$ cat data_19.cif   # mmCIF, C-alpha atoms and all ligand atoms
data_query
#
loop_
_atom_site.label_atom_id
_atom_site.label_comp_id
_atom_site.auth_asym_id
_atom_site.auth_seq_id
_atom_site.Cartn_x
_atom_site.Cartn_y
_atom_site.Cartn_z
CA MET A 257 34.93 31.92 -39.88
CA LYS A 258 38.05 30.24 -38.50
CA GLN A 259 39.00 30.99 -34.90
CA ARG A 260 41.63 29.75 -32.45
CA LEU A 261 40.55 26.52 -30.78
CA ASP A 262 41.50 27.66 -27.25
CA LYS A 263 39.44 30.85 -27.71
CA ILE A 264 36.43 28.86 -28.89
CA LEU A 265 36.72 26.54 -25.90
CA SER A 266 36.96 29.27 -23.27
CA GLY A 267 34.27 31.30 -25.07
CA THR A 268 31.71 28.57 -24.37
CA GLY A 269 32.04 29.16 -20.63
CA LEU A 270 32.47 25.40 -20.13
CA VAL A 271 36.16 25.78 -19.29
CA THR A 272 38.44 28.65 -18.31
CA ARG A 273 41.49 29.58 -20.42
CA SER A 274 43.73 27.37 -18.30
CA GLY A 275 41.04 24.67 -18.20
CA ALA A 276 41.04 24.71 -22.00
CA LYS A 277 44.82 24.18 -21.98
CA ASP A 278 44.48 21.22 -19.60
CA ALA A 279 41.63 19.69 -21.61
CA LEU A 280 43.65 19.97 -24.82
CA LYS A 281 46.74 18.43 -23.16
CA ALA A 282 44.66 15.55 -21.81
CA GLY A 283 43.24 14.78 -25.29
CA ARG A 284 39.67 15.56 -24.16
CA VAL A 285 39.07 17.85 -27.15
CA LYS A 286 38.42 16.46 -30.64
CA ILE A 287 37.92 18.14 -33.99
CA ASN A 288 35.88 16.03 -36.36
CA GLY A 289 36.64 13.01 -34.19
CA ILE A 290 40.42 13.56 -34.09
CA PRO A 291 42.08 14.56 -30.79
CA ALA A 292 43.35 18.15 -30.93
CA ARG A 293 46.15 19.26 -28.63
CA ASP A 294 47.10 22.60 -30.17
CA GLY A 295 45.13 25.54 -28.77
CA ALA A 296 46.42 27.76 -31.58
CA ALA A 297 44.84 25.55 -34.27
CA LYS A 298 42.36 27.49 -36.45
CA VAL A 299 38.92 25.89 -36.57
CA ASP A 300 35.62 26.88 -38.17
CA PRO A 301 32.85 26.19 -35.61
CA ASP A 302 30.23 26.40 -38.39
CA THR A 303 31.69 23.49 -40.34
CA ASP A 304 33.94 21.56 -37.92
CA THR A 305 32.53 19.44 -35.10
CA ILE A 306 34.33 20.24 -31.87
CA THR A 307 33.75 17.94 -28.89
CA LEU A 308 34.82 18.21 -25.27
CA ASP A 309 34.64 14.90 -23.41
CA GLY A 310 32.64 13.52 -26.31
CA GLN A 311 29.94 16.22 -26.18
CA PRO A 312 29.63 18.64 -29.13
CA ILE A 313 30.25 22.23 -28.12
CA SER A 314 28.87 25.32 -29.74
CA ALA A 315 30.95 28.45 -30.13
CA GLY A 316 28.15 30.92 -30.74
CA ARG A 317 24.48 30.86 -30.01
CA VAL A 318 23.09 27.53 -28.81
CA VAL A 319 19.78 26.28 -30.22
CA LEU A 320 18.68 22.79 -29.22
CA LEU A 321 15.84 20.77 -30.69
CA LEU A 322 14.25 18.29 -28.26
CA ASN A 323 11.87 15.49 -29.18
CA LYS A 324 9.78 15.84 -26.03
CA PRO A 325 8.13 12.73 -24.57
CA GLU A 326 4.79 12.97 -22.74
CA GLY A 327 4.87 13.36 -18.97
CA TYR A 328 7.38 16.25 -18.81
CA VAL A 329 6.32 19.81 -18.02
CA THR A 330 7.81 22.76 -19.92
CA SER A 331 9.29 24.67 -17.03
CA THR A 332 12.68 25.02 -15.43
CA GLN A 333 11.55 23.73 -12.01
CA ASP A 334 8.49 21.90 -10.76
CA PRO A 335 7.71 20.54 -7.29
CA ARG A 336 5.80 17.49 -8.60
CA ASP A 337 6.60 16.72 -12.21
CA ARG A 338 9.68 15.94 -14.24
CA THR A 339 10.71 18.95 -16.33
CA VAL A 340 11.99 19.16 -19.90
CA MET A 341 15.26 20.56 -18.50
CA GLU A 342 16.10 17.05 -17.26
CA LEU A 343 16.35 16.01 -20.91
CA ILE A 344 18.89 18.72 -21.78
CA PRO A 345 22.58 17.69 -21.67
CA GLY A 346 24.30 18.96 -18.51
CA GLN A 347 26.59 21.41 -20.25
CA TYR A 348 23.62 23.36 -21.68
CA ARG A 349 21.09 22.93 -18.85
CA ASN A 350 21.81 26.19 -17.06
CA ARG A 351 22.41 28.07 -20.28
CA VAL A 352 19.23 27.62 -22.36
CA SER A 353 15.49 28.32 -21.94
CA PRO A 354 12.54 26.66 -23.68
CA VAL A 355 11.10 28.53 -26.68
CA GLY A 356 7.38 28.61 -25.87
CA ARG A 357 5.87 25.51 -24.32
CA LEU A 358 4.28 22.14 -24.91
CA ASP A 359 1.71 20.74 -22.48
CA LYS A 360 2.74 17.92 -20.16
CA MET A 361 0.95 15.35 -22.34
CA THR A 362 2.04 16.78 -25.72
CA GLU A 363 5.02 15.20 -27.43
CA GLY A 364 7.37 16.39 -30.15
CA LEU A 365 9.42 19.35 -31.28
CA LEU A 366 10.50 21.84 -28.63
CA LEU A 367 13.32 24.35 -29.12
CA PHE A 368 15.67 25.76 -26.48
CA THR A 369 18.12 28.62 -26.84
CA ASP A 370 20.51 30.88 -24.97
CA ASP A 371 19.91 33.67 -27.50
CA GLY A 372 17.44 36.08 -25.89
CA ASP A 373 16.80 37.93 -29.14
CA LEU A 374 15.99 34.73 -31.05
CA LEU A 375 13.79 33.54 -28.17
CA HIS A 376 11.74 36.74 -28.19
CA ARG A 377 11.42 36.78 -31.95
CA LEU A 378 10.22 33.17 -31.96
CA ILE A 379 7.57 33.69 -29.29
CA SER A 380 6.51 37.19 -30.33
CA PRO A 381 2.79 37.11 -31.21
CA LYS A 382 3.58 39.26 -34.27
CA LYS A 383 6.12 36.94 -35.86
CA GLN A 384 5.30 33.35 -35.09
CA VAL A 385 6.43 30.70 -37.51
CA PRO A 386 3.87 28.05 -38.57
CA LYS A 387 3.79 25.04 -36.29
CA VAL A 388 2.38 21.72 -37.46
CA TYR A 389 0.69 19.34 -35.03
CA TYR A 390 -0.51 15.78 -35.49
CA ALA A 391 -3.63 15.02 -33.43
CA ARG A 392 -5.62 11.92 -32.70
CA HIS A 393 -9.08 12.92 -31.64
CA GLU A 394 -12.67 11.91 -31.11
CA GLY A 395 -15.00 12.37 -34.08
CA GLN A 396 -14.11 13.02 -37.68
CA ALA A 397 -13.00 16.38 -39.13
CA GLY A 398 -15.21 17.47 -42.01
CA GLU A 399 -15.29 20.25 -44.62
CA ASP A 400 -17.21 22.57 -42.25
CA ASP A 401 -14.43 22.17 -39.63
CA VAL A 402 -11.74 22.90 -42.25
CA GLU A 403 -13.59 26.09 -43.20
CA ALA A 404 -14.11 27.13 -39.57
CA PHE A 405 -10.34 26.77 -38.90
CA ALA A 406 -9.53 28.74 -42.07
CA SER A 407 -11.74 31.65 -41.12
CA GLY A 408 -10.42 31.90 -37.52
CA LEU A 409 -12.12 30.03 -34.70
CA THR A 410 -13.69 31.58 -31.63
CA LEU A 411 -12.96 29.44 -28.56
CA ALA A 412 -15.44 28.69 -25.74
CA ASP A 413 -14.15 31.63 -23.64
CA GLY A 414 -14.47 34.07 -26.56
CA THR A 415 -10.78 34.00 -27.58
CA VAL A 416 -10.47 34.61 -31.32
CA CYS A 417 -7.79 32.58 -33.12
CA LEU A 418 -5.88 33.51 -36.26
CA PRO A 419 -6.80 31.54 -39.39
CA ALA A 420 -5.34 28.02 -39.17
CA VAL A 421 -5.15 24.96 -41.40
CA LEU A 422 -6.96 21.75 -40.51
CA ARG A 423 -6.11 18.75 -42.67
CA PRO A 424 -8.15 15.63 -41.91
CA LEU A 425 -6.02 12.50 -42.39
CA GLY A 426 -8.71 9.91 -41.78
CA ALA A 427 -11.05 8.80 -39.03
CA GLY A 428 -10.00 10.59 -35.84
CA GLU A 429 -6.65 11.87 -37.14
CA SER A 430 -5.72 15.36 -38.38
CA LEU A 431 -2.83 17.73 -39.02
CA ILE A 432 -3.27 21.25 -37.68
CA THR A 433 -1.08 24.23 -38.61
CA VAL A 434 -1.18 27.31 -36.39
CA CYS A 435 0.86 30.52 -36.35
CA GLU A 436 0.35 31.44 -32.71
CA GLY A 437 0.83 29.84 -29.32
CA LYS A 438 -2.13 30.43 -27.04
CA TYR A 439 -2.61 28.31 -23.92
CA HIS A 440 -3.68 24.73 -24.91
CA GLN A 441 -4.44 26.20 -28.31
CA VAL A 442 -4.79 23.12 -30.48
CA ARG A 443 -6.70 21.12 -27.87
CA ARG A 444 -9.10 24.05 -27.37
CA MET A 445 -9.50 24.67 -31.11
CA MET A 446 -10.38 21.03 -31.69
CA ALA A 447 -12.70 20.96 -28.65
CA SER A 448 -14.55 24.00 -30.04
CA ARG A 449 -15.45 21.76 -33.02
CA ARG A 450 -16.44 18.83 -30.73
CA MET A 451 -13.27 16.86 -31.43
CA THR A 452 -11.58 16.08 -28.10
CA VAL A 453 -7.85 15.52 -28.63
CA THR A 454 -6.56 12.24 -27.20
CA TYR A 455 -2.96 12.52 -28.45
CA LEU A 456 -0.95 15.52 -29.66
CA GLU A 457 2.51 15.77 -31.21
CA ARG A 458 4.25 18.86 -32.61
CA ARG A 459 5.97 17.71 -35.79
CA GLN A 460 7.24 20.88 -37.42
CA GLU A 461 8.20 24.49 -36.65
CA GLY A 462 9.00 26.61 -39.71
CA LYS A 463 11.09 24.29 -41.86
CA LEU A 464 12.39 22.33 -38.88
CA THR A 465 11.09 18.80 -38.42
CA LEU A 466 11.82 16.05 -35.89
CA GLY A 467 13.59 14.01 -38.58
CA ASN A 468 14.74 10.74 -37.05
CA LEU A 469 15.58 12.22 -33.63
CA PRO A 470 14.49 9.60 -31.06
CA ARG A 471 11.87 10.59 -28.46
CA GLY A 472 13.51 12.01 -25.34
CA GLU A 473 16.68 13.09 -27.16
CA CYS A 474 17.91 16.47 -28.32
CA ARG A 475 20.43 17.79 -30.80
CA LEU A 476 22.11 21.10 -31.59
CA LEU A 477 20.79 22.99 -34.61
CA THR A 478 23.41 23.81 -37.19
CA GLU A 479 24.16 27.47 -38.01
CA GLU A 480 22.47 26.87 -41.37
CA GLU A 481 19.28 25.67 -39.63
CA CYS A 482 19.40 28.70 -37.29
CA ARG A 483 19.75 31.02 -40.28
CA GLU A 484 16.75 29.38 -41.99
CA LEU A 485 14.72 29.75 -38.82
CA LEU A 486 15.59 33.46 -38.61
CA GLU A 487 14.63 33.97 -42.25
CA ASP A 488 11.07 32.94 -41.36
CA LEU A 489 10.81 35.66 -38.67
N1 LIG B 1 -1.58 23.22 -28.41
C1 LIG B 1 -1.95 22.49 -27.33
O1 LIG B 1 -3.13 22.35 -27.06
N2 LIG B 1 -0.99 21.95 -26.58
C2 LIG B 1 0.32 22.06 -26.84
O2 LIG B 1 1.16 21.52 -26.12
C3 LIG B 1 0.68 22.81 -27.97
C4 LIG B 1 -0.29 23.39 -28.74
#
$ encode --input "data_19.cif" --output "structure tokens"
Amino acid sequence: MKQRLDKILSGTGLVTRSGAKDALKAGRVKINGIPARDGAAKVDPDTDTITLDGQPISAGRVVLLLNKPEGYVTSTQDPRDRTVMELIPGQYRNRVSPVGRLDKMTEGLLLFTDDGDLLHRLISPKKQVPKVYYARHEGQAGEDDVEAFASGLTLADGTVCLPAVLRPLGAGESLITVCEGKYHQVRRMMASRRMTVTYLERRQEGKLTLGNLPRGECRLLTEEECRELLEDL
């Protein structure tokens, strides 16, 4: 739906109403790459790309997809380690929270949002979307392991997991699909079948994939992608 550009800008919280006026006057705002100086211009934030100082802005809910590198902890602050928040562009850093978590050594797809409802729906144990992991591991997954995953594994501490899909790719490599997010879940599932994980990457969540997003970078999800994500919940 089309809205006034100055309203969209001040609605993001990045600038005040008068700050929006100044930014427009100074040519710091672009619509689809073209400088926009008229605050009254009608723009559709779902289809037009609006940038402020070269950074895309989002008028409504913000959902970011990060390709997390290893070595970053999923938390907002940490006394020792670098946190995933350091990889979030400054204008969103204080606005979004991680959706679930990836271990320090796990790489790949991690979502962030400022939409509390979406966040809770995505991490709710009742409604989790399937998540696909690529693992390199010791040993070789066999038919008995595939069946054990499919019938719901019991971990070393007695935790019972929902049925999951194990797809052996070759010697020491597998894809694992799980619909829940227990602590160190994939590593513990694999360990329960004597396959210690040596490398783990989340590749997919629902229909969302990493695509060609470089490691360490993040991008905004489109409204269409957000809608698709919500359909799965
Ligand atoms: N399972 C794990 O063991 N670690 C992760 O980071 C995610 C899923």
$ closest_residue --input "data_19.cif" --among "A:Gln384, A:Asn323, A:Thr339, A:Thr465" --to "Glu436 (chain A)" --atoms "all atoms listed in the file"
A:Gln384
$ atom_distance --input "data_19.cif" --atom1 "CA of Ile379 (chain A)" --atom2 "CA of Gly467 (chain A)"
22.6 Å
$ closest_residue --input "data_19.cif" --among "A:Ile344, A:Ala447, A:Leu321, A:Ala397" --to "Leu466 (chain A)" --atoms "all atoms listed in the file"
A:Leu321
$ closest_atom_pairs --input "data_19.cif" --of "chain A" --to "ligand LIG 1 (chain B)" --cutoff "7 Å" --atoms "all atoms listed in the file" --output "Markdown table"
| residue | atom | partner | partner_atom | distance |
| --- | --- | --- | --- | --- |
| A:Arg357 | CA | B:LIG1 | O2 | 6.4 |
| A:Leu358 | CA | B:LIG1 | O2 | 3.4 |
| A:Asp359 | CA | B:LIG1 | O2 | 3.8 |
| A:Thr362 | CA | B:LIG1 | O2 | 4.8 |
| A:Gly437 | CA | B:LIG1 | C4 | 6.6 |
| A:Tyr439 | CA | B:LIG1 | O1 | 6.8 |
| A:His440 | CA | B:LIG1 | O1 | 3.3 |
| A:Gln441 | CA | B:LIG1 | N1 | 4.1 |
| A:Val442 | CA | B:LIG1 | N1 | 3.8 |
| A:Arg443 | CA | B:LIG1 | O1 | 3.9 |
| A:Arg444 | CA | B:LIG1 | O1 | 6.2 |
$ write_last_selection --input "data_19.cif" --atoms "C-alpha atoms" --output "CSV table (one decimal), in the coordinates of the input"
chain,number,residue,atom,x,y,z
A,357,ARG,CA,5.9,25.5,-24.3
A,358,LEU,CA,4.3,22.1,-24.9
A,359,ASP,CA,1.7,20.7,-22.5
A,362,THR,CA,2.0,16.8,-25.7
A,437,GLY,CA,0.8,29.8,-29.3
A,439,TYR,CA,-2.6,28.3,-23.9
A,440,HIS,CA,-3.7,24.7,-24.9
A,441,GLN,CA,-4.4,26.2,-28.3
A,442,VAL,CA,-4.8,23.1,-30.5
A,443,ARG,CA,-6.7,21.1,-27.9
A,444,ARG,CA,-9.1,24.0,-27.4
$ closest_residue --input "data_19.cif" --among "A:Met341, A:Ile264, A:Val402, A:Leu374" --to "Arg423 (chain A)" --atoms "all atoms listed in the file"
A:Val402
$ residues_around --input "data_19.cif" --residues "Ala427 (chain A)" --least-positions-apart "4" --cutoff "9 Å" --atoms "all atoms listed in the file" --output "PDB file with C-alpha atoms, in the coordinates of the input"
ATOM      1  CA  ARG A 392      -5.620  11.920 -32.700  1.00  0.00           C
ATOM      2  CA  HIS A 393      -9.080  12.920 -31.640  1.00  0.00           C
ATOM      3  CA  GLU A 394     -12.670  11.910 -31.110  1.00  0.00           C
ATOM      4  CA  GLY A 395     -15.000  12.370 -34.080  1.00  0.00           C
ATOM      5  CA  GLN A 396     -14.110  13.020 -37.680  1.00  0.00           C
ATOM      6  CA  ALA A 397     -13.000  16.380 -39.130  1.00  0.00           C
TER       7      ALA A 397
END
$ residues_around --input "data_19.cif" --residues "Val388 (chain A)" --least-positions-apart "6" --cutoff "8 Å" --atoms "only C-alpha atoms" --output "short mmCIF file (atom, residue, chain, number, x, y, z; two decimals) with C-alpha atoms, in the coordinates of the input"
data_model
loop_
_atom_site.label_atom_id
_atom_site.label_comp_id
_atom_site.auth_asym_id
_atom_site.auth_seq_id
_atom_site.Cartn_x
_atom_site.Cartn_y
_atom_site.Cartn_z
CA LEU A 431 -2.83 17.73 -39.02
CA ILE A 432 -3.27 21.25 -37.68
CA THR A 433 -1.08 24.23 -38.61
CA VAL A 434 -1.18 27.31 -36.39
CA ARG A 458 4.25 18.86 -32.61
CA ARG A 459 5.97 17.71 -35.79
CA GLN A 460 7.24 20.88 -37.42
CA GLU A 461 8.20 24.49 -36.65
#
$ residues_near_point --input "data_19.cif" --point "(33.1, 27.9, -24.8)" --cutoff "12 Å" --atoms "all atoms listed in the file" --output "MDAnalysis selection string"
chainID A and resid 260:273 275:276 285 301 306:308 312:318 347:348 351
$ write_last_selection --input "data_19.cif" --atoms "C-alpha atoms" --output "compact mmCIF listing (two decimals), keeping the file's coordinate frame"
# COMPACT_ATOMS: atom_id res chain seq x y z
CA ARG A 260 41.63 29.75 -32.45
CA LEU A 261 40.55 26.52 -30.78
CA ASP A 262 41.50 27.66 -27.25
CA LYS A 263 39.44 30.85 -27.71
CA ILE A 264 36.43 28.86 -28.89
CA LEU A 265 36.72 26.54 -25.90
CA SER A 266 36.96 29.27 -23.27
CA GLY A 267 34.27 31.30 -25.07
CA THR A 268 31.71 28.57 -24.37
CA GLY A 269 32.04 29.16 -20.63
CA LEU A 270 32.47 25.40 -20.13
CA VAL A 271 36.16 25.78 -19.29
CA THR A 272 38.44 28.65 -18.31
CA ARG A 273 41.49 29.58 -20.42
CA GLY A 275 41.04 24.67 -18.20
CA ALA A 276 41.04 24.71 -22.00
CA VAL A 285 39.07 17.85 -27.15
CA PRO A 301 32.85 26.19 -35.61
CA ILE A 306 34.33 20.24 -31.87
CA THR A 307 33.75 17.94 -28.89
CA LEU A 308 34.82 18.21 -25.27
CA PRO A 312 29.63 18.64 -29.13
CA ILE A 313 30.25 22.23 -28.12
CA SER A 314 28.87 25.32 -29.74
CA ALA A 315 30.95 28.45 -30.13
CA GLY A 316 28.15 30.92 -30.74
CA ARG A 317 24.48 30.86 -30.01
CA VAL A 318 23.09 27.53 -28.81
CA GLN A 347 26.59 21.41 -20.25
CA TYR A 348 23.62 23.36 -21.68
CA ARG A 351 22.41 28.07 -20.28
$ atom_distance --input "data_19.cif" --atom1 "CA of Ala282 (chain A)" --atom2 "CA of Gly295 (chain A)"
12.2 Å
$ residues_near_point --input "data_19.cif" --point "(39.0, 15.1, -24.8)" --cutoff "7 Å" --atoms "only C-alpha atoms" --output "list of chain:residue names"
A:Ala279, A:Leu280, A:Ala282, A:Gly283, A:Arg284, A:Val285, A:Lys286, A:Pro291, A:Leu308, A:Asp309, A:Gly310
$ closest_residue --input "data_19.cif" --among "A:Ser407, A:Thr415, A:Thr454, A:Thr478" --to "Lys438 (chain A)" --atoms "only C-alpha atoms"
A:Thr415
$ atom_distance --input "data_19.cif" --atom1 "CA of Glu403 (chain A)" --atom2 "CA of Arg377 (chain A)"
29.4 Å
$ closest_residue --input "data_19.cif" --among "A:Ile290, A:Met446, A:Ala296, A:Cys435" --to "Lys277 (chain A)" --atoms "all atoms listed in the file"
A:Ala296
$ residues_around --input "data_19.cif" --residues "region 472-474 of chain A" --least-positions-apart "4" --cutoff "9 Å" --atoms "all atoms listed in the file" --output "number ranges by chain"
A: 320-325, 343-345, 364
$ closest_residue --input "data_19.cif" --among "A:Leu485, A:Val299, A:Met361, A:Val352" --to "Val329 (chain A)" --atoms "all atoms listed in the file"
A:Met361
